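Single-structure report; data block below.
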Amino acid sequence: MVDDEPGVRKALQRGLRAEGMDVVTAVDGPSGLRLAQTGSFDVLLLDIMLPGLSGYRVLQRLRAEGISTPVLLVSAKDGEIDQADGLDLGADGYLVKPFSFVVLVAQVRAVLRRAQQEGQGRGPLRIGGLVVDRATREVRWHDDPVALSPREFGLLEVLVGRAGTVVTKDELLRAVWGDEQAATRNVVEVYVGYVRRKLDAVGAGSLVRTVRGHGYLASDPQLDEVLSG
């Protein structure tokens, strides 16, 4: 969710979490764009009037980069032209402020269903014998399920989605925690530890490694060995 109004962010975040959704927030256009570019989210709730970069421009950049994450635009502008412009840029829906929270939840669920049916780039991620299923939000190591919390799943999804690339703590903070003030680099370390212990329990702990001074790397040790040989 990208919105520069603190009251709106807090109220919607609380309400959406009560509906069973894991919500990450951003306060301006540039930070919202960086989060969305990770491709780690199911739906982007995007205000139009944002500091730094408008919602229209964020949406335009995402679609130009081939990122098909469903986007619901939110705005106080209720003109037909405004709504048409947003939909023409690739939005999946348009909500006019003030809106009913019940309608918001219904729209979010509707775009989720469409995305799952159409398979909009949300196929499973694989590395070695590990499968991260973004549609069902399940993780398996060969035939063994790996039970992760929503936050742990989000962290592993980012790492596996960028397999072979070092991901910094700051990048993980932005992608998984957004602008939550309580989140720090130490929180990232703690959650990486949680994920590793759960992967260790099924024999997959070596897939996530620390690159000292840089961040974390997800890769298949067996493939790395073949390539280096």
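As shown in the structure tokens, the chain order sets the letters A, B, ...; within each chain, residues go from 1, and ligands are also counted from 1 in the order they appear.
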
Report task. Write down as a ChimeraX atom specification the residues of range 30-83 of chain A whose backbone DSSP state falls under alpha helix (DSSP H). Result -> /A:30-37,55-64,80-83

May I have the residues within 12 Å of Ser100 in chain A as a CSV table (one decimal) with N, CA, C and O atoms, in the first residue's frame, using only C-alpha atoms and disregarding those fewer than 4 positions away in the same chain?
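Okay, this is what ended up in part.csv:
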```csv
chain,number,residue,atom,x,y,z
A,12,LEU,N,-6.1,1.4,7.1
A,12,LEU,CA,-6.2,0.4,6.1
A,12,LEU,C,-5.4,-0.8,6.5
A,12,LEU,O,-5.7,-2.0,6.3
A,15,GLY,N,-7.1,-2.8,9.1
A,15,GLY,CA,-8.3,-3.5,8.6
A,15,GLY,C,-7.9,-4.6,7.7
A,15,GLY,O,-8.5,-5.7,7.8
A,74,VAL,N,-6.1,4.5,-6.0
A,74,VAL,CA,-7.0,5.2,-5.1
A,74,VAL,C,-6.8,6.7,-5.2
A,74,VAL,O,-5.7,7.2,-5.3
A,95,LEU,N,-10.5,3.1,-7.2
A,95,LEU,CA,-11.4,3.4,-6.0
A,95,LEU,C,-11.4,4.9,-5.8
A,95,LEU,O,-10.3,5.5,-5.7
A,96,VAL,N,-12.5,5.5,-5.6
A,96,VAL,CA,-12.6,7.0,-5.3
A,96,VAL,C,-12.8,7.2,-3.8
A,96,VAL,O,-13.7,6.6,-3.2
A,104,LEU,N,-13.4,-2.1,-0.8
A,104,LEU,CA,-12.0,-2.2,-1.0
A,104,LEU,C,-11.6,-3.7,-0.9
A,104,LEU,O,-10.9,-4.2,-1.8
A,105,VAL,N,-12.0,-4.4,0.2
A,105,VAL,CA,-11.6,-5.8,0.4
A,105,VAL,C,-12.1,-6.6,-0.8
A,105,VAL,O,-11.4,-7.5,-1.3
A,106,ALA,N,-13.4,-6.4,-1.2
A,106,ALA,CA,-13.9,-7.1,-2.3
A,106,ALA,C,-13.1,-6.9,-3.6
A,106,ALA,O,-12.9,-7.9,-4.3
A,107,GLN,N,-12.7,-5.7,-3.8
A,107,GLN,CA,-11.9,-5.4,-5.0
A,107,GLN,C,-10.5,-6.1,-5.0
A,107,GLN,O,-10.0,-6.7,-5.9
```

**Report entry** Which residue of A:Val23, A:Asp4, A:Gly79, A:Gln37 approaches Arg151 in chain A most closely, using only C-alpha atoms
**Finding:** A:Val23

Requested in this report: Any chance you could list, as JSON, numbers by chain, the residues in chain A that come up strand (DSSP E) when DSSP is run on the backbone?
Outcome: {"A": [44, 45, 46, 47, 71, 72, 73, 74, 75, 93, 94, 95, 96, 125, 126, 127, 130, 131, 132, 133, 138, 139, 140, 141, 144, 145, 146, 208, 209, 210, 211, 215, 216, 217, 218]}

Query raised in the report: Contacts of range 209-219 of chain A at 9 Å or less, counting only C-alpha atoms, minus same-chain residues fewer than 5 places along, as a list in words?
Result: Ile127, Gly128, Leu156, Leu159, Val160, Gly161, Arg162, Ala163, Gly164, Thr165, Val166, Val167, Thr168, Lys169, Asp170, Val192, Arg196 and Asp224 of chain A
